[in-house]
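Listing of final-v1.cif; format and content: mmCIF, C-alpha atoms and all ligand atoms.
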data_input
loop_
_atom_site.label_atom_id
_atom_site.label_comp_id
_atom_site.auth_asym_id
_atom_site.auth_seq_id
_atom_site.Cartn_x
_atom_site.Cartn_y
_atom_site.Cartn_z
CA MET A 1 10.04 28.90 -40.64
CA PRO A 2 12.40 26.10 -39.51
CA LYS A 3 10.75 22.84 -40.50
CA ILE A 4 9.87 19.99 -38.14
CA SER A 5 10.62 16.38 -38.93
CA ARG A 6 8.10 14.17 -40.68
CA LYS A 7 8.14 11.78 -37.71
CA ALA A 8 7.36 14.54 -35.20
CA SER A 9 4.52 15.76 -37.39
CA LEU A 10 2.88 12.32 -37.34
CA PHE A 11 1.78 12.37 -33.72
CA SER A 12 0.17 14.93 -31.47
CA GLU A 13 0.76 16.09 -27.93
CA SER A 14 -0.18 13.55 -25.24
CA VAL A 15 -3.93 13.87 -24.62
CA ILE A 16 -3.51 12.46 -21.12
CA ARG A 17 -0.98 15.06 -20.05
CA GLU A 18 -3.04 17.80 -21.75
CA MET A 19 -6.02 16.79 -19.58
CA THR A 20 -3.90 17.25 -16.46
CA ARG A 21 -3.01 20.79 -17.55
CA LEU A 22 -6.66 21.58 -18.30
CA CYS A 23 -7.60 20.20 -14.89
CA ASN A 24 -5.14 22.59 -13.24
CA VAL A 25 -6.68 25.53 -15.13
CA HIS A 26 -10.15 24.61 -13.79
CA ASN A 27 -8.84 23.59 -10.37
CA GLY A 28 -10.57 20.25 -10.85
CA ILE A 29 -10.12 16.75 -9.40
CA ASN A 30 -7.61 14.96 -11.58
CA LEU A 31 -8.85 11.46 -12.39
CA SER A 32 -7.11 11.60 -15.77
CA GLN A 33 -3.37 11.01 -15.59
CA GLY A 34 -2.23 7.88 -13.73
CA PHE A 35 -0.24 9.29 -10.85
CA PRO A 36 -1.04 8.90 -7.15
CA ASP A 37 -1.84 11.95 -5.01
CA PHE A 38 -0.60 10.16 -1.87
CA SER A 39 2.89 9.81 -0.42
CA ALA A 40 5.62 7.46 -1.52
CA PRO A 41 6.95 5.03 1.17
CA GLU A 42 8.91 6.87 3.88
CA GLU A 43 11.86 4.42 3.72
CA MET A 44 12.32 5.21 0.05
CA LYS A 45 12.10 8.97 0.55
CA GLU A 46 14.65 8.72 3.36
CA ALA A 47 16.94 6.59 1.19
CA ALA A 48 16.75 9.16 -1.63
CA CYS A 49 17.67 12.03 0.71
CA LYS A 50 20.46 9.97 2.25
CA ALA A 51 21.89 9.06 -1.15
CA ILE A 52 22.09 12.73 -2.11
CA ARG A 53 23.63 13.66 1.24
CA ASP A 54 26.14 10.81 0.82
CA ASP A 55 27.08 12.33 -2.52
CA VAL A 56 25.65 9.68 -4.78
CA ASN A 57 25.31 12.53 -7.23
CA GLN A 58 27.23 11.45 -10.32
CA TYR A 59 26.36 9.12 -13.19
CA ALA A 60 25.69 5.53 -12.24
CA ILE A 61 26.94 2.80 -14.60
CA THR A 62 24.90 3.55 -17.71
CA TRP A 63 22.80 0.33 -17.47
CA GLY A 64 22.03 0.86 -13.78
CA SER A 65 23.67 0.82 -10.37
CA LYS A 66 24.79 -2.62 -9.28
CA ASN A 67 22.78 -2.37 -6.08
CA LEU A 68 19.56 -1.70 -7.99
CA ARG A 69 20.19 -4.41 -10.59
CA ASN A 70 20.82 -6.92 -7.81
CA ALA A 71 17.59 -5.86 -6.08
CA ILE A 72 15.62 -6.21 -9.35
CA ALA A 73 17.02 -9.71 -9.92
CA GLU A 74 16.14 -10.74 -6.34
CA LYS A 75 12.60 -9.38 -6.67
CA CYS A 76 12.02 -11.05 -10.05
CA ALA A 77 13.20 -14.40 -8.66
CA LYS A 78 10.85 -14.06 -5.69
CA TYR A 79 7.68 -12.78 -7.40
CA ASN A 80 7.96 -13.72 -11.06
CA GLY A 81 9.91 -16.98 -11.01
CA MET A 82 12.51 -15.41 -13.32
CA GLN A 83 16.18 -16.34 -13.00
CA ILE A 84 18.09 -13.35 -14.34
CA ASP A 85 21.69 -12.30 -14.17
CA PRO A 86 21.93 -8.67 -13.04
CA GLU A 87 25.20 -8.32 -14.96
CA LYS A 88 23.78 -9.50 -18.28
CA ASN A 89 20.01 -9.18 -18.43
CA ILE A 90 18.98 -5.79 -16.97
CA THR A 91 19.02 -2.25 -18.34
CA VAL A 92 17.86 0.42 -15.92
CA CYS A 93 16.21 3.30 -17.82
CA CYS A 94 14.39 6.59 -17.23
CA GLY A 95 11.03 5.03 -16.45
CA SER A 96 9.34 2.27 -18.38
CA THR A 97 8.70 4.86 -21.10
CA GLU A 98 12.38 4.94 -21.96
CA ALA A 99 12.76 1.19 -21.41
CA MET A 100 10.06 0.64 -24.05
CA ILE A 101 11.41 3.02 -26.71
CA SER A 102 15.01 1.84 -26.14
CA SER A 103 13.88 -1.77 -26.51
CA ILE A 104 11.91 -1.07 -29.68
CA LEU A 105 14.74 0.96 -31.25
CA ALA A 106 17.23 -1.76 -30.29
CA THR A 107 15.31 -4.63 -31.87
CA ILE A 108 13.07 -3.40 -34.68
CA ASP A 109 14.02 -2.05 -38.08
CA PRO A 110 11.93 0.46 -40.05
CA GLY A 111 9.26 -1.34 -42.05
CA GLU A 112 9.06 -4.33 -39.72
CA GLU A 113 5.69 -4.96 -38.13
CA ILE A 114 4.66 -4.82 -34.50
CA ILE A 115 1.37 -6.15 -33.19
CA VAL A 116 -0.39 -3.94 -30.64
CA PHE A 117 -3.52 -4.74 -28.62
CA GLU A 118 -6.11 -1.99 -28.93
CA PRO A 119 -7.19 0.05 -26.95
CA PHE A 120 -3.54 0.71 -26.09
CA TYR A 121 -1.51 2.90 -23.76
CA GLU A 122 -1.05 6.02 -25.86
CA ASN A 123 2.78 5.97 -25.90
CA TYR A 124 2.91 2.87 -28.10
CA GLY A 125 1.65 4.89 -31.11
CA PRO A 126 4.54 7.42 -31.12
CA ASP A 127 6.98 4.62 -30.14
CA GLY A 128 6.04 2.86 -33.37
CA ILE A 129 6.38 6.03 -35.45
CA LEU A 130 9.77 6.97 -33.94
CA SER A 131 11.16 3.52 -34.67
CA GLY A 132 9.62 3.31 -38.16
CA ALA A 133 7.79 0.10 -37.22
CA VAL A 134 4.47 -0.62 -38.88
CA PRO A 135 1.76 -1.21 -36.24
CA ARG A 136 -0.89 -3.91 -36.76
CA PHE A 137 -3.76 -3.70 -34.29
CA ILE A 138 -5.67 -6.50 -32.60
CA SER A 139 -8.94 -5.50 -30.92
CA LEU A 140 -9.70 -6.15 -27.30
CA ARG A 141 -13.50 -6.29 -27.29
CA GLU A 142 -15.67 -5.05 -24.45
CA PRO A 143 -17.28 -6.00 -22.13
CA ASP A 144 -14.55 -8.50 -21.11
CA TRP A 145 -11.81 -7.17 -23.44
CA SER A 146 -11.17 -10.60 -24.92
CA PHE A 147 -9.67 -10.96 -28.40
CA ASP A 148 -10.32 -13.28 -31.29
CA PHE A 149 -7.57 -15.91 -31.48
CA GLN A 150 -8.01 -16.36 -35.24
CA GLU A 151 -7.80 -12.61 -35.82
CA LEU A 152 -4.55 -12.46 -33.87
CA GLU A 153 -3.11 -15.44 -35.74
CA SER A 154 -3.92 -13.78 -39.08
CA LEU A 155 -1.76 -10.75 -38.18
CA PHE A 156 1.46 -12.78 -37.84
CA ASN A 157 3.59 -13.00 -40.96
CA ASN A 158 7.28 -13.02 -41.83
CA ARG A 159 7.58 -9.24 -41.43
CA THR A 160 6.27 -9.42 -37.82
CA ARG A 161 9.05 -8.63 -35.39
CA ALA A 162 7.31 -8.07 -32.05
CA ILE A 163 4.04 -8.13 -30.16
CA ILE A 164 3.50 -5.54 -27.44
CA LEU A 165 1.53 -6.80 -24.49
CA ASN A 166 0.50 -4.69 -21.51
CA THR A 167 -0.83 -6.73 -18.61
CA PRO A 168 -2.45 -5.74 -16.27
CA ASN A 169 -3.74 -3.44 -18.96
CA ASN A 170 -4.12 0.29 -19.26
CA PRO A 171 -6.81 1.46 -20.09
CA THR A 172 -9.07 -1.62 -19.86
CA GLY A 173 -8.01 -3.22 -16.56
CA LYS A 174 -7.76 -6.57 -18.36
CA VAL A 175 -5.41 -9.17 -16.89
CA PHE A 176 -4.36 -11.52 -19.68
CA THR A 177 -5.19 -15.17 -18.90
CA ARG A 178 -2.93 -18.20 -19.03
CA ALA A 179 -4.77 -19.52 -22.10
CA GLU A 180 -4.19 -16.20 -23.88
CA PHE A 181 -0.51 -16.23 -22.89
CA GLU A 182 -0.10 -19.78 -24.18
CA PHE A 183 -1.66 -18.88 -27.51
CA ILE A 184 0.49 -15.76 -27.91
CA ALA A 185 3.66 -17.65 -26.89
CA GLU A 186 2.90 -20.36 -29.44
CA LEU A 187 2.62 -17.75 -32.21
CA CYS A 188 5.83 -16.01 -31.07
CA ARG A 189 7.73 -19.30 -31.25
CA LYS A 190 6.23 -20.23 -34.61
CA TRP A 191 7.01 -16.88 -36.27
CA ASP A 192 10.20 -16.13 -34.32
CA VAL A 193 8.66 -12.98 -32.86
CA LEU A 194 9.61 -11.02 -29.73
CA ALA A 195 7.12 -10.38 -26.93
CA ILE A 196 7.64 -6.96 -25.36
CA THR A 197 5.60 -6.99 -22.16
CA ASP A 198 4.79 -3.84 -20.21
CA GLU A 199 4.16 -5.05 -16.64
CA ILE A 200 4.14 -1.76 -14.81
CA TYR A 201 0.87 -2.65 -12.97
CA GLU A 202 1.96 -6.18 -12.01
CA HIS A 203 1.10 -5.73 -8.32
CA MET A 204 -2.36 -4.27 -8.92
CA VAL A 205 -4.54 -7.31 -9.57
CA TYR A 206 -7.95 -7.99 -8.03
CA ASP A 207 -10.61 -10.67 -7.50
CA ARG A 208 -8.40 -13.76 -7.70
CA HIS A 209 -6.79 -12.72 -11.00
CA ARG A 210 -3.06 -13.37 -11.20
CA HIS A 211 -0.31 -11.58 -13.03
CA ILE A 212 1.62 -13.87 -15.37
CA ASN A 213 5.04 -13.26 -16.89
CA MET A 214 5.67 -14.18 -20.51
CA ALA A 215 9.39 -14.87 -20.01
CA THR A 216 8.55 -17.92 -17.85
CA PHE A 217 6.78 -19.77 -20.71
CA ASP A 218 8.63 -22.53 -22.56
CA GLY A 219 11.07 -21.13 -25.07
CA MET A 220 10.11 -17.52 -24.27
CA ALA A 221 12.94 -16.34 -21.97
CA ASP A 222 15.13 -15.42 -24.94
CA ARG A 223 12.34 -13.85 -26.94
CA THR A 224 10.72 -11.71 -24.23
CA ILE A 225 11.64 -8.19 -23.17
CA THR A 226 10.02 -7.50 -19.80
CA ILE A 227 9.45 -3.81 -19.17
CA ASN A 228 8.72 -2.51 -15.69
CA ALA A 229 9.33 0.47 -13.40
CA ALA A 230 9.19 1.75 -9.87
CA SER A 231 6.72 4.43 -10.97
CA LYS A 232 3.41 2.79 -10.07
CA THR A 233 4.42 0.08 -7.57
CA TYR A 234 6.08 2.57 -5.22
CA SER A 235 4.04 5.68 -6.17
CA VAL A 236 7.08 7.52 -7.54
CA THR A 237 6.10 8.39 -11.12
CA GLY A 238 8.29 11.51 -11.02
CA TRP A 239 11.48 9.65 -10.13
CA ARG A 240 11.86 8.15 -13.60
CA VAL A 241 13.35 4.77 -12.74
CA GLY A 242 12.36 1.80 -14.90
CA TYR A 243 14.02 -1.24 -16.45
CA ALA A 244 14.08 -3.71 -19.32
CA ILE A 245 14.91 -7.39 -18.74
CA ALA A 246 16.04 -9.44 -21.72
CA SER A 247 18.52 -12.04 -22.96
CA GLU A 248 22.19 -11.10 -22.90
CA GLN A 249 22.24 -10.50 -26.65
CA LEU A 250 19.16 -8.25 -26.66
CA THR A 251 20.33 -6.49 -23.50
CA SER A 252 23.63 -5.47 -25.02
CA SER A 253 21.73 -3.83 -27.87
CA ILE A 254 19.17 -2.17 -25.53
CA ARG A 255 22.03 -0.84 -23.34
CA LYS A 256 23.67 0.87 -26.31
CA VAL A 257 20.48 2.63 -27.39
CA HIS A 258 19.70 3.58 -23.79
CA ASP A 259 23.20 4.99 -23.24
CA PHE A 260 22.94 7.36 -26.19
CA LEU A 261 19.35 8.37 -25.46
CA THR A 262 19.65 9.27 -21.78
CA VAL A 263 23.00 7.95 -20.36
CA GLY A 264 21.20 6.82 -17.25
CA ALA A 265 18.38 7.16 -14.76
CA PRO A 266 18.91 9.47 -11.71
CA HIS A 267 21.55 7.76 -9.59
CA PRO A 268 20.39 8.70 -6.05
CA LEU A 269 16.85 7.64 -6.95
CA GLN A 270 18.11 4.30 -8.25
CA GLU A 271 19.56 3.65 -4.79
CA ALA A 272 16.25 4.58 -3.16
CA VAL A 273 14.30 2.31 -5.53
CA ALA A 274 16.61 -0.56 -4.54
CA VAL A 275 15.29 -0.13 -0.98
CA GLY A 276 11.70 -0.45 -2.23
CA MET A 277 12.52 -3.50 -4.34
CA ARG A 278 13.55 -5.28 -1.14
CA PHE A 279 10.22 -4.62 0.67
CA GLY A 280 8.54 -7.77 1.98
CA GLU A 281 5.33 -9.34 0.71
CA SER A 282 3.14 -7.32 3.09
CA TYR A 283 3.92 -4.14 1.14
CA TYR A 284 2.49 -5.59 -2.09
CA ALA A 285 -0.48 -7.18 -0.32
CA LYS A 286 -1.41 -3.82 1.23
CA LEU A 287 -0.91 -2.00 -2.08
CA ALA A 288 -3.35 -4.36 -3.84
CA ALA A 289 -5.86 -4.27 -0.96
CA ASP A 290 -5.87 -0.46 -0.86
CA TYR A 291 -6.35 -0.26 -4.63
CA LEU A 292 -9.17 -2.80 -4.48
CA GLN A 293 -10.98 -0.61 -1.97
CA ARG A 294 -10.52 2.44 -4.24
CA ARG A 295 -11.70 0.51 -7.31
CA ASN A 296 -14.87 -0.66 -5.58
CA TYR A 297 -15.63 2.81 -4.27
CA LEU A 298 -15.21 4.61 -7.60
CA LEU A 299 -17.01 1.86 -9.53
CA GLU A 300 -20.10 2.31 -7.37
CA ALA A 301 -20.00 6.12 -7.60
CA LEU A 302 -19.67 6.00 -11.39
CA GLU A 303 -22.49 3.52 -11.83
CA GLU A 304 -24.75 5.63 -9.63
CA ALA A 305 -23.91 8.66 -11.78
CA GLY A 306 -25.04 6.84 -14.94
CA PHE A 307 -21.75 5.61 -16.41
CA ARG A 308 -21.65 2.10 -17.81
CA CYS A 309 -18.45 0.66 -16.30
CA TYR A 310 -16.21 -2.15 -17.47
CA LYS A 311 -15.02 -3.60 -14.18
CA PRO A 312 -11.20 -3.69 -14.14
CA TYR A 313 -9.38 -6.71 -12.71
CA GLY A 314 -5.98 -5.06 -12.74
CA ALA A 315 -4.17 -1.68 -12.98
CA TYR A 316 -5.87 1.45 -11.61
CA TYR A 317 -8.28 2.70 -14.26
CA ILE A 318 -11.96 2.27 -15.05
CA MET A 319 -13.03 2.43 -18.70
CA THR A 320 -16.60 3.62 -19.03
CA ASP A 321 -19.20 3.93 -21.73
CA ILE A 322 -20.81 7.37 -21.99
CA SER A 323 -23.33 6.67 -24.79
CA ALA A 324 -26.23 7.26 -22.39
CA PHE A 325 -25.28 10.94 -22.05
CA GLY A 326 -25.79 11.58 -25.79
CA PHE A 327 -22.61 13.54 -26.55
CA PRO A 328 -21.19 13.62 -30.11
CA ASP A 329 -17.76 12.51 -28.92
CA ASP A 330 -15.59 11.76 -25.92
CA THR A 331 -13.47 14.93 -26.04
CA THR A 332 -16.51 17.23 -25.98
CA PHE A 333 -17.76 15.23 -23.00
CA ALA A 334 -14.39 15.32 -21.19
CA ARG A 335 -13.98 19.08 -21.64
CA LYS A 336 -17.47 19.74 -20.29
CA LEU A 337 -16.89 17.36 -17.37
CA ILE A 338 -13.86 19.37 -16.28
CA ARG A 339 -15.52 22.73 -16.80
CA ASP A 340 -18.96 22.02 -15.30
CA VAL A 341 -18.44 19.12 -12.88
CA GLY A 342 -14.79 19.67 -11.98
CA ILE A 343 -13.49 16.18 -12.80
CA ALA A 344 -10.76 15.45 -15.34
CA VAL A 345 -10.81 12.17 -17.28
CA VAL A 346 -9.10 10.88 -20.41
CA PRO A 347 -11.14 10.75 -23.63
CA GLY A 348 -11.33 7.17 -24.91
CA SER A 349 -10.25 8.14 -28.45
CA SER A 350 -6.67 8.61 -27.26
CA PHE A 351 -6.41 4.81 -26.86
CA TYR A 352 -7.42 3.94 -30.44
CA HIS A 353 -5.64 4.44 -33.77
CA ASN A 354 -9.00 5.29 -35.29
CA PRO A 355 -10.31 7.94 -32.84
CA GLN A 356 -13.98 7.19 -33.64
CA ASP A 357 -13.59 3.81 -31.94
CA GLY A 358 -13.23 5.61 -28.61
CA PHE A 359 -15.89 8.30 -29.08
CA THR A 360 -18.26 6.69 -26.56
CA LYS A 361 -15.66 6.05 -23.86
CA VAL A 362 -13.78 7.90 -21.15
CA ARG A 363 -11.25 6.55 -18.64
CA PHE A 364 -11.17 7.35 -14.93
CA ALA A 365 -8.06 6.79 -12.77
CA PHE A 366 -8.48 5.69 -9.14
CA CYS A 367 -4.87 6.03 -7.95
CA LYS A 368 -6.00 8.70 -5.49
CA LYS A 369 -6.52 9.13 -1.75
CA MET A 370 -9.91 7.91 -0.53
CA GLU A 371 -10.74 11.50 0.40
CA THR A 372 -10.05 12.61 -3.21
CA LEU A 373 -12.33 9.85 -4.48
CA GLN A 374 -14.99 10.87 -1.93
CA ARG A 375 -14.83 14.46 -3.21
CA ALA A 376 -15.07 13.13 -6.76
CA ALA A 377 -18.09 11.01 -5.79
CA SER A 378 -19.91 14.04 -4.45
CA HIS A 379 -19.19 15.95 -7.69
CA LEU A 380 -20.37 12.94 -9.69
CA GLN A 381 -23.82 13.36 -8.16
CA GLU A 382 -24.18 16.46 -10.36
CA VAL A 383 -23.45 14.59 -13.56
CA ARG A 384 -27.03 13.71 -14.52
CA GLU A 385 -28.12 17.31 -14.09
CA LYS A 386 -25.14 19.04 -15.71
CA MET A 387 -23.96 16.62 -18.38
CA ASN A 388 -26.57 16.91 -21.05
CA PRO A 389 -25.25 17.95 -24.44
CA GLY A 390 -27.64 20.90 -24.79
CA ALA A 391 -26.83 22.51 -21.41
C1 LIG B 401 0.99 0.87 -19.44
C2 LIG B 401 1.92 1.94 -19.05
N1 LIG B 401 3.22 1.85 -19.38
C3 LIG B 401 4.09 2.82 -19.06
C4 LIG B 401 3.70 3.95 -18.37
C5 LIG B 401 4.73 5.01 -18.05
O1 LIG B 401 5.57 4.53 -17.09
P1 LIG B 401 6.83 5.37 -16.55
O2 LIG B 401 6.30 6.50 -15.76
O3 LIG B 401 7.60 4.40 -15.72
O4 LIG B 401 7.60 5.82 -17.73
C6 LIG B 401 2.37 4.09 -18.00
C7 LIG B 401 1.93 5.31 -17.27
O5 LIG B 401 0.78 5.60 -17.15
C8 LIG B 401 1.47 3.07 -18.34
O6 LIG B 401 0.18 3.15 -18.03
#

Can the structure from this file be put into structure tokens for me?
Ligand SMILES: Cc1ncc(COP(=O)(O)O)c(C=O)c1O
Amino acid sequence: MPKISRKASLFSESVIREMTRLCNVHNGINLSQGFPDFSAPEEMKEAACKAIRDDVNQYAITWGSKNLRNAIAEKCAKYNGMQIDPEKNITVCCGSTEAMISSILATIDPGEEIIVFEPFYENYGPDGILSGAVPRFISLREPDWSFDFQELESLFNNRTRAIILNTPNNPTGKVFTRAEFEFIAELCRKWDVLAITDEIYEHMVYDRHRHINMATFDGMADRTITINAASKTYSVTGWRVGYAIASEQLTSSIRKVHDFLTVGAPHPLQEAVAVGMRFGESYYAKLAADYLQRRNYLLEALEEAGFRCYKPYGAYYIMTDISAFGFPDDTTFARKLIRDVGIAVVPGSSFYHNPQDGFTKVRFAFCKKMETLQRAASHLQEVREKMNPGA
């Protein structure tokens, strides 16, 4: 038998994407994987078709088409207060997934430590393994997903190379506060550590919470890699267009890794994303308002069905506690929920390095049409009757 590499043997298939496949088998309602079931903006779809018709069909410059990099710089200046040079500070990648792994491979050597907030977006585990980095976890504690400042401070040492911060956060819906940012920035400066911030949900914030960007803090512009993508903001997860923003020195290293990993993101879709990046403020206001309506609707339906919910203030997921249902673990619960109730969710254990820590949790996604959520709500009425471990 041909052998597989040690690295590949250290992580398993994505649980989230497995849930989507299982959902398709049972013809269920997919509230597991975070992709919208509604249309992308018409202007962007038109621009993509036009770009292909106009024969924008060959490689773009490896680090991204000039038009898209200019649009990213304009948008970051307008919404994030970041002054970036599109020629020196941006690498366009195949989604934020590739932006993250390229950034980690470009900056971290095997054996160096990275600090990861837990629960975490599941990709960060394999990212650490592939790069040979040693992850150190800091707990976000429910119900408000705060963390202990002293505990975080104790994780920094002279082997620490980076801290990975996802805000607004998947899976918890936490939006990191200014005080938390200031504390993290202080530690990064003290220990000469990079902040790699995954901001893919930056426009989905609710109830007066505000998204903050680490690169705008004193002394942090040169030690922050800002990761983002078109995927969630413009409902185009399948287009695979993301980007990393960093200092010139870090960018030249990220661009090299990116070039040899993927060469570049799809060129016609880069041109279409540039159109989206130039949308006015009303687009983002409507996006947030629509998501707020969906959050409130699903929150109420879940609470009525007996789930204990941790109200999210950002992103488009609701973490719930399922202890009341009496199941031995989250995966058993999730499989039965698809089979008997017809709703797919993600088992909480996939967000923890020690799976037991997520055994009493499952995550619901609300990036769906209202009518999909209404169908889900009517199925959820059957939960109390059908979801008992003995049935
Ligand atoms: C926090 C976070 N980062 C990155 C991604 C993946 O982004 P992309 O599709 O742009 O690779 C996701 C998708 O769910 C996510 O939740």

Residues within 7 Å of stretch 202-212 of chain A, all atoms listed in the file, excluding chain neighbours under 2 positions, as a VMD selection string: chain A and resid 168 175 199 to 200 214 233 284 288 292 313 to 315

Could you list, as a PyMOL selection string, all residues that come within 8 Å of ligand LIG 401 (chain B)? Count all atoms listed in the file. chain A and resi 33-35+94-99+121+123+166-167+169-171+198-201+228-232+237-238+240-242

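Note that atom CA of A:Met100 and atom CA of A:His267 are 19.8 Å apart.
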
Local residues around (14.1, 1.4, -28.0), at most 12 Å away, using all atoms listed in the file, as number ranges by chain: A: 91, 93-94, 96-109, 124, 126-133, 196, 225, 227, 243-244, 250-251, 253-262

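Nearest to A:Glu142 of all the residues A:Leu298, A:Leu287, A:Met319, A:Met277 is A:Met319, based on all atoms listed in the file.
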
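Taking atom CA of A:Phe181 and atom CA of A:Glu151 as endpoints, the distance between them is 15.3 Å.
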
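Note that atom CA of A:Gly358 and atom CA of A:Arg375 are 26.9 Å apart.
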
May I have the protein, DNA and RNA residues with an atom at most 10 Å from (22.0, -8.0, -9.2), counting all atoms listed in the file in the file's coordinates, returned as a VMD selection string? chain A and resid 64 to 75 84 to 90

Emit the selected residues as a short mmCIF file (atom, residue, chain, number, x, y, z; two decimals), in the frame of the given file, including C-alpha atoms.
data_model
loop_
_atom_site.label_atom_id
_atom_site.label_comp_id
_atom_site.auth_asym_id
_atom_site.auth_seq_id
_atom_site.Cartn_x
_atom_site.Cartn_y
_atom_site.Cartn_z
CA GLY A 64 22.03 0.86 -13.78
CA SER A 65 23.67 0.82 -10.37
CA LYS A 66 24.79 -2.62 -9.28
CA ASN A 67 22.78 -2.37 -6.08
CA LEU A 68 19.56 -1.70 -7.99
CA ARG A 69 20.19 -4.41 -10.59
CA ASN A 70 20.82 -6.92 -7.81
CA ALA A 71 17.59 -5.86 -6.08
CA ILE A 72 15.62 -6.21 -9.35
CA ALA A 73 17.02 -9.71 -9.92
CA GLU A 74 16.14 -10.74 -6.34
CA LYS A 75 12.60 -9.38 -6.67
CA ILE A 84 18.09 -13.35 -14.34
CA ASP A 85 21.69 -12.30 -14.17
CA PRO A 86 21.93 -8.67 -13.04
CA GLU A 87 25.20 -8.32 -14.96
CA LYS A 88 23.78 -9.50 -18.28
CA ASN A 89 20.01 -9.18 -18.43
CA ILE A 90 18.98 -5.79 -16.97
#

List the neighbours of A:Gly390 out to 12 Å using only C-alpha atoms; skip same-chain residues closer than 6 positions along the sequence, and give me the result as JSON, numbers by chain. {"A": [325, 326, 327, 328, 332, 333, 336]}

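With all atoms listed in the file as the atoms that count, the residue of A:Ala274, A:Ala376, A:Glu281, A:Met220 with the shortest distance to A:Ile338 is A:Ala376.
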
Which residues are near A:Ala305? Cut-off 10 Å, all atoms listed in the file, ignore same chain within fewer than 2 positions. Put them as a PyMOL selection string. chain A and resi 299-303+307-308+377-385
